[in-house]
Amino acid sequence: MTLEAAKAVMDSIPDMMELSDLVIDSKLVELLLKLLHFPAEGCHENVCEEAMEKLGIVALSPVGRDYALECRALDGLLEILNSNKILLLRKATQTILVFSRGKPKAPFEKVKPAIRALRDLVASNVDQEVLRNACWALYYLSGGIDKNLKGSCTSKKITSHPVVSRSDIISAVIEEDVFPVLLKLLEHPSPSVVTPAIHFVSSICLGDDSQKEELMKARGTDGRDVLHYLSGLLDRGKEERMVCQCIAYITLGSCPRAKAVFDAAGLIDRLRHLAETKKMDVAATAIANAIIGISDESYINELVDCCIGPLCDYLDVFGRKIICTISLKGLENILEYGEKHKGPDGTNIYSKRIEEAGGLKNLKGMCCSLTMGLEADKILCKYWPVYDTSW
């Protein structure tokens with residue numbers, strides 16, 4: 001095909017994803033795939049770049065995307081990742097990113113080969129745009145959801161695919177040894193790279209316990225663990241909410257992981273600071289989950305010292321049922337511990353400390369809440385026997 005013919009093909013393809021049906025029916029996808037291998041010399045590189053851009057537009061439609069995947073479009077894009085030309089790599093990763101997104105998602109087995117290729121690219125490339133595109137693609141390939149993505153209109157029926165569980169998807173990502181390179185990118189100076197990298201970590205944190213353990217055991221390319229990188233982000237004031245969310249998921253339901261968070265130098269203090277000064281509810285959630293998760297009494301006293309204040313404060317946020325529930329559970333764990341270790345006079349020292357921190361007042365205030373009143377009343381009656389229900 002001559003350069004003029006290639007340009008004519010490109011000009012015939014519309015730039016609107018709503019017309020992807022026309023592109024499919026006209027067999028233009030197959031022509032685009034041929035143009036990916038157009039002689040990449042001089043101005044001819046522009047043909048390959050434009051072909052990838054047109055493929056990306058087609059892939060914005062789930063029907064167009066799935067058709068292109070059936071035509072082995074991903075194979076052609078992955079071949080381009082072996083190029084040393086930055087412009088081609090930028091466009092290729094941008095197009096793979098489009099194939100990784102979508103609602104509904106692409107059939108996982110069709111896009112799975114991209115995981116290893118992107119992992120290798122991230123490990124060997126320093127271009128900011130390439131890293132950004134690759135990280136976002138890995139996030140979506142790991143089960144991440146684009147909440148802003150809207151469906152598309154098409155006259156063609158969207159083909160149903162075998163459902164692959166999130167757990168199986170994350171397992172596939174773990175097998176490709178993605179963690180070391182993605183963790184290291186949490187230290188990248190550019191927010192455009194750090195943001196998709198922390199979203200990827202958050203996606204893994206939503207996995208099952210064994211997958212969270214794999215994340216905790218993982219080491220970056222410099223040998224440091226995930227908590228080190230998360231702590232570093234808090235030190236720099238970057239992605240604080242996402243970091244707290246990751247820690248909340250990590251500590252949930254696991255004593256060893258909660259201990260690891262507690263043992264990470266200064267991490268609990270940073271969470272407390274965010275909960276107190278920035279009123280960041282997800283930081284309080286991470287703290288509460290740590291308390292709920294830790295059963296080792298050697299940790300409780302010190303953990304309680306830095307956590308009672310934020311947990312009591314968040315009892316006052318009636319409109320946020322989830323954070324109120326978690327704070328209640330955290331305080332209940334503290335009170336239960338206090339019951340087992342009463343003072344010489346038989347008093348629960350933690351009930352007194354919670355009262356001093358404003359927790360008793362907030363618990364009483366919660367009793368008028370339709371959603372939280374019964375739970376608050378139950379705690380008051382159990383740990384403050386003189387509590388007046390008519391208050």
# chains A, B, ... in the order shown; residues from 1 in each chain; ligands from 1
$ residues_around --residues "Gly338 of chain A" --least-positions-apart "5" --cutoff "7 Å" --atoms "only C-alpha atoms" --output "list in words"
Asn348, Ile349 and Tyr350 of chain A
$ closest_residue --among "A:Ala258, A:Cys312, A:Ala265, A:Leu81" --to "Glu355 of chain A" --atoms "only C-alpha atoms"
A:Cys312
$ closest_residue --among "A:Met366, A:Ala275, A:Ile323, A:Val98" --to "Ile308 of chain A" --atoms "only C-alpha atoms"
A:Ala275
$ select_by_dssp --residues "segment 78-322 of chain A" --states "helix (DSSP H, G or I)" --output "compact mmCIF listing (two decimals) with N, CA and C atoms, in the first residue's frame"
# COMPACT_ATOMS: atom_id res chain seq x y z
N LEU A 78 1.01 -4.60 20.97
CA LEU A 78 2.07 -5.08 21.86
C LEU A 78 3.40 -5.18 21.12
N GLU A 79 3.36 -5.47 19.83
CA GLU A 79 4.61 -5.50 19.05
C GLU A 79 5.26 -4.12 19.03
N ILE A 80 4.43 -3.09 18.96
CA ILE A 80 4.95 -1.72 18.89
C ILE A 80 5.65 -1.34 20.20
N ILE A 86 9.80 7.04 21.08
CA ILE A 86 8.93 7.50 22.17
C ILE A 86 7.53 7.84 21.67
N LEU A 87 7.43 8.50 20.53
CA LEU A 87 6.10 8.90 20.04
C LEU A 87 5.22 7.68 19.77
N LEU A 88 5.82 6.64 19.20
CA LEU A 88 5.06 5.41 18.96
C LEU A 88 4.66 4.75 20.27
N LEU A 89 5.57 4.74 21.25
CA LEU A 89 5.27 4.14 22.55
C LEU A 89 4.15 4.90 23.26
N ARG A 90 4.17 6.21 23.16
CA ARG A 90 3.11 7.00 23.79
C ARG A 90 1.75 6.67 23.18
N LYS A 91 1.71 6.64 21.87
CA LYS A 91 0.43 6.36 21.21
C LYS A 91 -0.01 4.92 21.44
N ALA A 92 0.92 3.98 21.44
CA ALA A 92 0.57 2.57 21.65
C ALA A 92 0.01 2.35 23.05
N THR A 93 0.67 2.93 24.07
CA THR A 93 0.17 2.75 25.44
C THR A 93 -1.16 3.45 25.64
N GLN A 94 -1.33 4.59 24.98
CA GLN A 94 -2.61 5.29 25.06
C GLN A 94 -3.73 4.44 24.47
N THR A 95 -3.45 3.77 23.36
CA THR A 95 -4.46 2.93 22.71
C THR A 95 -4.74 1.68 23.53
N ILE A 96 -3.70 1.06 24.08
CA ILE A 96 -3.90 -0.11 24.95
C ILE A 96 -4.73 0.27 26.17
N LEU A 97 -4.51 1.49 26.67
CA LEU A 97 -5.32 1.98 27.79
C LEU A 97 -6.80 1.99 27.44
N VAL A 98 -7.12 2.44 26.25
CA VAL A 98 -8.53 2.45 25.82
C VAL A 98 -9.09 1.03 25.76
N PHE A 99 -8.31 0.10 25.26
CA PHE A 99 -8.75 -1.30 25.19
C PHE A 99 -8.94 -1.90 26.59
N SER A 100 -8.23 -1.35 27.57
CA SER A 100 -8.29 -1.90 28.94
C SER A 100 -9.51 -1.41 29.70
N PHE A 108 -11.36 -10.84 29.58
CA PHE A 108 -10.05 -10.77 30.24
C PHE A 108 -8.99 -11.57 29.50
N GLU A 109 -9.33 -12.74 29.02
CA GLU A 109 -8.32 -13.57 28.35
C GLU A 109 -7.78 -12.89 27.10
N LYS A 110 -8.57 -11.99 26.51
CA LYS A 110 -8.13 -11.28 25.31
C LYS A 110 -7.12 -10.18 25.63
N VAL A 111 -7.27 -9.56 26.81
CA VAL A 111 -6.38 -8.44 27.15
C VAL A 111 -5.28 -8.84 28.13
N PRO A 113 -2.62 -10.69 27.91
CA PRO A 113 -1.22 -10.60 27.47
C PRO A 113 -0.62 -9.21 27.64
N ALA A 114 -1.46 -8.19 27.75
CA ALA A 114 -0.94 -6.83 27.89
C ALA A 114 -0.28 -6.62 29.25
N ILE A 115 -0.65 -7.41 30.25
CA ILE A 115 -0.13 -7.20 31.61
C ILE A 115 1.38 -7.35 31.65
N ARG A 116 1.88 -8.46 31.14
CA ARG A 116 3.33 -8.70 31.15
C ARG A 116 4.06 -7.67 30.28
N ALA A 117 3.50 -7.36 29.11
CA ALA A 117 4.16 -6.41 28.21
C ALA A 117 4.25 -5.03 28.84
N LEU A 118 3.18 -4.60 29.50
CA LEU A 118 3.19 -3.29 30.15
C LEU A 118 4.13 -3.28 31.35
N ARG A 119 4.16 -4.39 32.06
CA ARG A 119 5.06 -4.50 33.21
C ARG A 119 6.51 -4.33 32.76
N ASP A 120 6.88 -5.01 31.68
CA ASP A 120 8.25 -4.91 31.16
C ASP A 120 8.55 -3.50 30.66
N LEU A 121 7.55 -2.87 30.05
CA LEU A 121 7.75 -1.52 29.54
C LEU A 121 7.98 -0.54 30.68
N VAL A 122 7.16 -0.64 31.73
CA VAL A 122 7.30 0.24 32.89
C VAL A 122 8.67 0.07 33.53
N ALA A 123 9.18 -1.15 33.55
CA ALA A 123 10.47 -1.43 34.18
C ALA A 123 11.63 -0.83 33.40
N SER A 124 11.43 -0.57 32.11
CA SER A 124 12.55 -0.16 31.27
C SER A 124 12.40 1.24 30.67
N GLN A 128 7.50 10.04 30.98
CA GLN A 128 6.38 10.28 31.89
C GLN A 128 5.04 9.89 31.27
N GLU A 129 4.82 10.24 30.02
CA GLU A 129 3.55 9.94 29.37
C GLU A 129 3.37 8.44 29.16
N VAL A 130 4.43 7.77 28.79
CA VAL A 130 4.38 6.31 28.63
C VAL A 130 4.06 5.64 29.96
N LEU A 131 4.73 6.08 31.02
CA LEU A 131 4.49 5.50 32.35
C LEU A 131 3.07 5.75 32.80
N ARG A 132 2.58 6.96 32.57
CA ARG A 132 1.20 7.29 32.97
C ARG A 132 0.20 6.38 32.27
N ASN A 133 0.32 6.28 30.95
CA ASN A 133 -0.62 5.44 30.19
C ASN A 133 -0.55 3.98 30.63
N ALA A 134 0.68 3.49 30.80
CA ALA A 134 0.87 2.08 31.17
C ALA A 134 0.30 1.80 32.56
N CYS A 135 0.51 2.72 33.49
CA CYS A 135 -0.01 2.52 34.86
C CYS A 135 -1.53 2.51 34.88
N TRP A 136 -2.14 3.43 34.16
CA TRP A 136 -3.61 3.44 34.11
C TRP A 136 -4.12 2.16 33.47
N ALA A 137 -3.46 1.70 32.42
CA ALA A 137 -3.88 0.45 31.77
C ALA A 137 -3.78 -0.72 32.74
N LEU A 138 -2.70 -0.79 33.51
CA LEU A 138 -2.54 -1.87 34.49
C LEU A 138 -3.59 -1.78 35.59
N TYR A 139 -3.96 -0.57 35.94
CA TYR A 139 -5.03 -0.39 36.94
C TYR A 139 -6.34 -1.00 36.43
N TYR A 140 -6.71 -0.66 35.20
CA TYR A 140 -7.96 -1.20 34.65
C TYR A 140 -7.87 -2.71 34.41
N LEU A 141 -6.70 -3.18 34.00
CA LEU A 141 -6.53 -4.61 33.78
C LEU A 141 -6.58 -5.40 35.09
N ARG A 166 -12.96 -11.03 40.22
CA ARG A 166 -11.92 -10.06 40.54
C ARG A 166 -10.71 -10.76 41.16
N SER A 167 -10.98 -11.78 41.98
CA SER A 167 -9.90 -12.52 42.62
C SER A 167 -9.00 -13.18 41.59
N ASP A 168 -9.59 -13.78 40.55
CA ASP A 168 -8.80 -14.43 39.50
C ASP A 168 -8.00 -13.41 38.70
N ILE A 169 -8.61 -12.24 38.49
CA ILE A 169 -7.91 -11.18 37.75
C ILE A 169 -6.68 -10.72 38.53
N ILE A 170 -6.86 -10.46 39.82
CA ILE A 170 -5.74 -10.01 40.65
C ILE A 170 -4.65 -11.08 40.73
N SER A 171 -5.07 -12.35 40.79
CA SER A 171 -4.09 -13.44 40.81
C SER A 171 -3.25 -13.44 39.55
N ALA A 172 -3.88 -13.16 38.42
CA ALA A 172 -3.15 -13.11 37.16
C ALA A 172 -2.14 -11.96 37.16
N VAL A 173 -2.51 -10.84 37.75
CA VAL A 173 -1.60 -9.70 37.85
C VAL A 173 -0.42 -10.04 38.75
N ILE A 174 -0.70 -10.72 39.86
CA ILE A 174 0.37 -11.11 40.79
C ILE A 174 1.36 -12.04 40.10
N GLU A 175 0.85 -12.97 39.31
CA GLU A 175 1.71 -13.94 38.62
C GLU A 175 2.67 -13.27 37.66
N PHE A 179 4.13 -6.05 40.91
CA PHE A 179 4.30 -5.25 42.12
C PHE A 179 5.62 -4.49 42.21
N PRO A 180 6.77 -5.12 41.99
CA PRO A 180 8.04 -4.40 42.19
C PRO A 180 8.14 -3.09 41.40
N VAL A 181 7.73 -3.11 40.13
CA VAL A 181 7.88 -1.90 39.32
C VAL A 181 6.82 -0.86 39.65
N LEU A 182 5.59 -1.30 39.97
CA LEU A 182 4.53 -0.34 40.28
C LEU A 182 4.75 0.32 41.64
N LEU A 183 5.24 -0.45 42.62
CA LEU A 183 5.51 0.14 43.93
C LEU A 183 6.57 1.23 43.83
N LYS A 184 7.60 0.97 43.06
CA LYS A 184 8.67 1.96 42.91
C LYS A 184 8.14 3.26 42.32
N LEU A 185 7.13 3.17 41.45
CA LEU A 185 6.58 4.37 40.82
C LEU A 185 5.82 5.25 41.80
N LEU A 186 5.52 4.74 42.99
CA LEU A 186 4.88 5.58 44.00
C LEU A 186 5.82 6.69 44.46
N GLU A 187 7.10 6.57 44.13
CA GLU A 187 8.08 7.61 44.47
C GLU A 187 8.37 8.53 43.29
N PRO A 191 2.87 13.71 39.67
CA PRO A 191 1.55 13.22 40.11
C PRO A 191 0.83 12.42 39.04
N SER A 192 1.10 12.72 37.76
CA SER A 192 0.40 12.01 36.69
C SER A 192 0.80 10.54 36.63
N VAL A 193 1.94 10.19 37.22
CA VAL A 193 2.38 8.79 37.31
C VAL A 193 1.97 8.19 38.66
N VAL A 194 2.13 8.97 39.72
CA VAL A 194 1.80 8.47 41.06
C VAL A 194 0.32 8.13 41.18
N THR A 195 -0.55 8.96 40.60
CA THR A 195 -2.00 8.75 40.74
C THR A 195 -2.44 7.38 40.22
N PRO A 196 -2.10 6.99 38.98
CA PRO A 196 -2.51 5.65 38.55
C PRO A 196 -1.81 4.54 39.32
N ALA A 197 -0.58 4.79 39.79
CA ALA A 197 0.14 3.76 40.55
C ALA A 197 -0.56 3.48 41.88
N ILE A 198 -1.01 4.53 42.58
CA ILE A 198 -1.69 4.31 43.86
C ILE A 198 -3.09 3.74 43.63
N HIS A 199 -3.72 4.08 42.51
CA HIS A 199 -5.00 3.45 42.17
C HIS A 199 -4.81 1.95 41.94
N PHE A 200 -3.70 1.58 41.32
CA PHE A 200 -3.41 0.16 41.11
C PHE A 200 -3.27 -0.55 42.45
N VAL A 201 -2.52 0.04 43.38
CA VAL A 201 -2.34 -0.57 44.70
C VAL A 201 -3.69 -0.71 45.40
N SER A 202 -4.52 0.33 45.29
CA SER A 202 -5.85 0.28 45.91
C SER A 202 -6.69 -0.84 45.33
N SER A 203 -6.57 -1.06 44.02
CA SER A 203 -7.31 -2.14 43.38
C SER A 203 -6.88 -3.50 43.93
N ILE A 204 -5.59 -3.69 44.14
CA ILE A 204 -5.08 -4.94 44.69
C ILE A 204 -5.55 -5.11 46.14
N CYS A 205 -5.63 -4.01 46.87
CA CYS A 205 -6.07 -4.07 48.28
C CYS A 205 -7.52 -4.54 48.40
N ASP A 209 -7.77 -12.10 51.15
CA ASP A 209 -6.70 -12.03 52.15
C ASP A 209 -5.36 -12.52 51.61
N SER A 210 -5.38 -13.59 50.83
CA SER A 210 -4.12 -14.13 50.32
C SER A 210 -3.45 -13.14 49.36
N GLN A 211 -4.27 -12.40 48.61
CA GLN A 211 -3.71 -11.42 47.68
C GLN A 211 -3.18 -10.19 48.41
N LYS A 212 -3.85 -9.81 49.49
CA LYS A 212 -3.31 -8.73 50.33
C LYS A 212 -1.98 -9.14 50.94
N GLU A 213 -1.89 -10.41 51.32
CA GLU A 213 -0.62 -10.91 51.88
C GLU A 213 0.49 -10.84 50.84
N GLU A 214 0.16 -11.16 49.58
CA GLU A 214 1.15 -11.06 48.51
C GLU A 214 1.63 -9.62 48.36
N LEU A 215 0.70 -8.69 48.46
CA LEU A 215 1.07 -7.28 48.37
C LEU A 215 1.98 -6.89 49.53
N MET A 216 1.66 -7.37 50.73
CA MET A 216 2.48 -7.04 51.91
C MET A 216 3.88 -7.65 51.81
N LYS A 217 3.98 -8.81 51.17
CA LYS A 217 5.29 -9.47 51.02
C LYS A 217 6.11 -8.88 49.89
N VAL A 226 5.41 -2.17 50.71
CA VAL A 226 4.33 -1.27 50.32
C VAL A 226 4.07 -0.21 51.39
N LEU A 227 4.17 -0.58 52.68
CA LEU A 227 3.90 0.40 53.74
C LEU A 227 4.94 1.52 53.73
N HIS A 228 6.16 1.19 53.35
CA HIS A 228 7.20 2.23 53.24
C HIS A 228 6.79 3.25 52.18
N TYR A 229 6.33 2.76 51.03
CA TYR A 229 5.95 3.68 49.95
C TYR A 229 4.72 4.49 50.31
N LEU A 230 3.74 3.85 50.96
CA LEU A 230 2.53 4.57 51.38
C LEU A 230 2.88 5.64 52.40
N SER A 231 3.75 5.30 53.33
CA SER A 231 4.19 6.27 54.33
C SER A 231 4.91 7.44 53.67
N GLY A 232 5.70 7.14 52.66
CA GLY A 232 6.42 8.19 51.94
C GLY A 232 5.48 9.16 51.25
N LEU A 233 4.38 8.66 50.71
CA LEU A 233 3.39 9.54 50.08
C LEU A 233 2.77 10.47 51.10
N LEU A 234 2.47 9.95 52.29
CA LEU A 234 1.92 10.81 53.34
C LEU A 234 2.93 11.87 53.78
N ASP A 235 4.20 11.49 53.83
CA ASP A 235 5.25 12.46 54.18
C ASP A 235 5.28 13.62 53.18
N GLU A 240 -3.18 11.58 49.73
CA GLU A 240 -3.42 11.19 51.13
C GLU A 240 -4.67 10.33 51.29
N ARG A 241 -5.73 10.73 50.63
CA ARG A 241 -6.98 9.98 50.78
C ARG A 241 -6.86 8.56 50.24
N MET A 242 -6.23 8.42 49.08
CA MET A 242 -6.04 7.09 48.49
C MET A 242 -5.14 6.23 49.36
N VAL A 243 -4.10 6.83 49.94
CA VAL A 243 -3.20 6.08 50.82
C VAL A 243 -3.96 5.56 52.03
N CYS A 244 -4.77 6.43 52.65
CA CYS A 244 -5.56 6.01 53.81
C CYS A 244 -6.53 4.90 53.44
N GLN A 245 -7.09 4.99 52.25
CA GLN A 245 -8.01 3.95 51.79
C GLN A 245 -7.28 2.62 51.66
N CYS A 246 -6.08 2.64 51.10
CA CYS A 246 -5.29 1.41 50.97
C CYS A 246 -5.00 0.81 52.35
N ILE A 247 -4.61 1.65 53.29
CA ILE A 247 -4.28 1.16 54.64
C ILE A 247 -5.52 0.60 55.32
N ALA A 248 -6.66 1.25 55.10
CA ALA A 248 -7.92 0.75 55.68
C ALA A 248 -8.23 -0.64 55.15
N TYR A 249 -8.03 -0.86 53.85
CA TYR A 249 -8.26 -2.18 53.26
C TYR A 249 -7.25 -3.20 53.78
N ILE A 250 -6.00 -2.78 53.91
CA ILE A 250 -4.94 -3.69 54.36
C ILE A 250 -5.21 -4.19 55.78
N THR A 251 -5.60 -3.28 56.67
CA THR A 251 -5.77 -3.65 58.08
C THR A 251 -7.07 -4.40 58.33
N CYS A 255 -5.08 -9.43 61.99
CA CYS A 255 -4.21 -8.99 63.08
C CYS A 255 -2.77 -8.77 62.62
N PRO A 256 -2.15 -9.70 61.86
CA PRO A 256 -0.76 -9.49 61.42
C PRO A 256 -0.60 -8.24 60.57
N ARG A 257 -1.55 -7.98 59.66
CA ARG A 257 -1.43 -6.79 58.82
C ARG A 257 -1.64 -5.52 59.64
N ALA A 258 -2.57 -5.58 60.59
CA ALA A 258 -2.78 -4.42 61.46
C ALA A 258 -1.52 -4.14 62.28
N LYS A 259 -0.86 -5.20 62.75
CA LYS A 259 0.40 -5.03 63.49
C LYS A 259 1.47 -4.39 62.60
N ALA A 260 1.51 -4.84 61.35
CA ALA A 260 2.52 -4.30 60.43
C ALA A 260 2.32 -2.80 60.23
N VAL A 261 1.06 -2.38 60.12
CA VAL A 261 0.77 -0.95 59.99
C VAL A 261 1.19 -0.21 61.25
N PHE A 262 0.90 -0.80 62.40
CA PHE A 262 1.27 -0.17 63.67
C PHE A 262 2.79 -0.07 63.80
N ASP A 263 3.50 -1.10 63.34
CA ASP A 263 4.96 -1.13 63.48
C ASP A 263 5.67 -0.22 62.48
N LEU A 267 3.47 5.73 61.07
CA LEU A 267 2.32 5.66 60.17
C LEU A 267 1.01 5.95 60.89
N ILE A 268 0.82 5.35 62.06
CA ILE A 268 -0.41 5.59 62.82
C ILE A 268 -0.53 7.06 63.21
N ASP A 269 0.59 7.68 63.59
CA ASP A 269 0.57 9.10 63.95
C ASP A 269 0.16 9.97 62.76
N ARG A 270 0.62 9.59 61.58
CA ARG A 270 0.24 10.36 60.39
C ARG A 270 -1.26 10.22 60.12
N LEU A 271 -1.79 9.02 60.31
CA LEU A 271 -3.22 8.80 60.12
C LEU A 271 -4.02 9.64 61.12
N ARG A 272 -3.56 9.64 62.35
CA ARG A 272 -4.25 10.42 63.38
C ARG A 272 -4.24 11.90 63.01
N HIS A 273 -3.11 12.39 62.52
CA HIS A 273 -2.99 13.80 62.13
C HIS A 273 -4.01 14.13 61.03
N LEU A 274 -4.14 13.26 60.04
CA LEU A 274 -5.09 13.51 58.96
C LEU A 274 -6.52 13.47 59.46
N ALA A 275 -6.80 12.55 60.38
CA ALA A 275 -8.15 12.44 60.92
C ALA A 275 -8.52 13.66 61.75
N GLU A 276 -7.54 14.19 62.48
CA GLU A 276 -7.81 15.30 63.39
C GLU A 276 -7.78 16.65 62.69
N THR A 277 -6.76 16.89 61.87
CA THR A 277 -6.57 18.22 61.30
C THR A 277 -7.30 18.42 59.98
N ASP A 281 -12.18 11.27 56.92
CA ASP A 281 -12.88 10.11 57.49
C ASP A 281 -12.20 8.80 57.17
N VAL A 282 -11.60 8.69 55.99
CA VAL A 282 -10.97 7.43 55.61
C VAL A 282 -9.72 7.17 56.46
N ALA A 283 -9.09 8.23 56.97
CA ALA A 283 -7.96 8.05 57.90
C ALA A 283 -8.46 7.48 59.22
N ALA A 284 -9.61 7.97 59.69
CA ALA A 284 -10.21 7.42 60.91
C ALA A 284 -10.62 5.97 60.70
N THR A 285 -11.09 5.65 59.50
CA THR A 285 -11.45 4.27 59.18
C THR A 285 -10.23 3.36 59.26
N ALA A 286 -9.10 3.82 58.73
CA ALA A 286 -7.87 3.02 58.79
C ALA A 286 -7.45 2.79 60.24
N ILE A 287 -7.59 3.82 61.08
CA ILE A 287 -7.25 3.69 62.50
C ILE A 287 -8.17 2.69 63.18
N ALA A 288 -9.49 2.84 62.93
CA ALA A 288 -10.47 1.96 63.56
C ALA A 288 -10.25 0.51 63.13
N ASN A 289 -9.96 0.30 61.85
CA ASN A 289 -9.71 -1.06 61.37
C ASN A 289 -8.49 -1.67 62.05
N ALA A 290 -7.48 -0.84 62.32
CA ALA A 290 -6.29 -1.33 63.02
C ALA A 290 -6.65 -1.79 64.42
N ILE A 291 -7.49 -1.01 65.11
CA ILE A 291 -7.91 -1.39 66.46
C ILE A 291 -8.75 -2.66 66.43
N ILE A 292 -9.68 -2.71 65.46
CA ILE A 292 -10.54 -3.89 65.34
C ILE A 292 -9.71 -5.13 65.03
N GLY A 293 -8.65 -4.93 64.21
CA GLY A 293 -7.86 -6.08 63.76
C GLY A 293 -6.86 -6.60 64.76
N GLU A 297 -2.48 -7.81 73.00
CA GLU A 297 -2.62 -6.78 74.02
C GLU A 297 -1.40 -5.88 74.14
N SER A 298 -0.25 -6.36 73.70
CA SER A 298 0.96 -5.53 73.81
C SER A 298 0.88 -4.31 72.90
N TYR A 299 -0.01 -4.35 71.92
CA TYR A 299 -0.16 -3.22 71.00
C TYR A 299 -1.28 -2.27 71.42
N ILE A 300 -2.24 -2.79 72.16
CA ILE A 300 -3.47 -2.05 72.37
C ILE A 300 -3.25 -0.71 73.06
N ASN A 301 -2.51 -0.71 74.18
CA ASN A 301 -2.37 0.53 74.96
C ASN A 301 -1.85 1.69 74.12
N GLU A 302 -0.76 1.45 73.41
CA GLU A 302 -0.17 2.53 72.62
C GLU A 302 -1.07 2.94 71.47
N LEU A 303 -1.72 1.96 70.86
CA LEU A 303 -2.62 2.25 69.75
C LEU A 303 -3.80 3.08 70.22
N VAL A 304 -4.34 2.71 71.37
CA VAL A 304 -5.49 3.43 71.92
C VAL A 304 -5.12 4.89 72.23
N ASP A 305 -3.90 5.10 72.74
CA ASP A 305 -3.47 6.45 73.10
C ASP A 305 -3.62 7.43 71.94
N CYS A 306 -3.32 6.98 70.75
CA CYS A 306 -3.35 7.91 69.61
C CYS A 306 -4.65 7.85 68.81
N CYS A 307 -5.56 6.97 69.21
CA CYS A 307 -6.74 6.76 68.39
C CYS A 307 -8.07 7.18 69.02
N ILE A 308 -8.11 7.29 70.34
CA ILE A 308 -9.39 7.59 70.99
C ILE A 308 -9.98 8.91 70.49
N GLY A 309 -9.13 9.94 70.41
CA GLY A 309 -9.61 11.26 70.00
C GLY A 309 -10.32 11.26 68.66
N PRO A 310 -9.65 10.81 67.57
CA PRO A 310 -10.31 10.80 66.26
C PRO A 310 -11.57 9.94 66.23
N LEU A 311 -11.54 8.78 66.88
CA LEU A 311 -12.72 7.91 66.85
C LEU A 311 -13.90 8.57 67.55
N CYS A 312 -13.66 9.24 68.66
CA CYS A 312 -14.74 9.95 69.35
C CYS A 312 -15.28 11.09 68.49
N ASP A 313 -14.38 11.80 67.81
CA ASP A 313 -14.81 12.92 66.96
C ASP A 313 -15.75 12.46 65.86
N TYR A 314 -15.45 11.30 65.27
CA TYR A 314 -16.24 10.84 64.13
C TYR A 314 -17.58 10.23 64.53
N LEU A 315 -17.83 10.08 65.81
CA LEU A 315 -19.16 9.67 66.25
C LEU A 315 -20.17 10.78 66.01
N ASP A 316 -19.66 11.98 65.79
CA ASP A 316 -20.52 13.15 65.63
C ASP A 316 -20.94 13.36 64.18
N LYS A 321 -22.95 6.97 57.76
CA LYS A 321 -23.21 5.76 58.54
C LYS A 321 -22.00 4.83 58.60
N ILE A 322 -21.29 4.69 57.49
CA ILE A 322 -20.17 3.75 57.46
C ILE A 322 -19.09 4.16 58.45
$ closest_residue --among "A:Thr221, A:Asn125, A:Ser327, A:Thr347" --to "Tyr383 of chain A" --atoms "only C-alpha atoms"
A:Thr347
$ atom_distance --atom1 "atom CA of Cys71 of chain A" --atom2 "atom CA of Glu30 of chain A"
7.1 Å
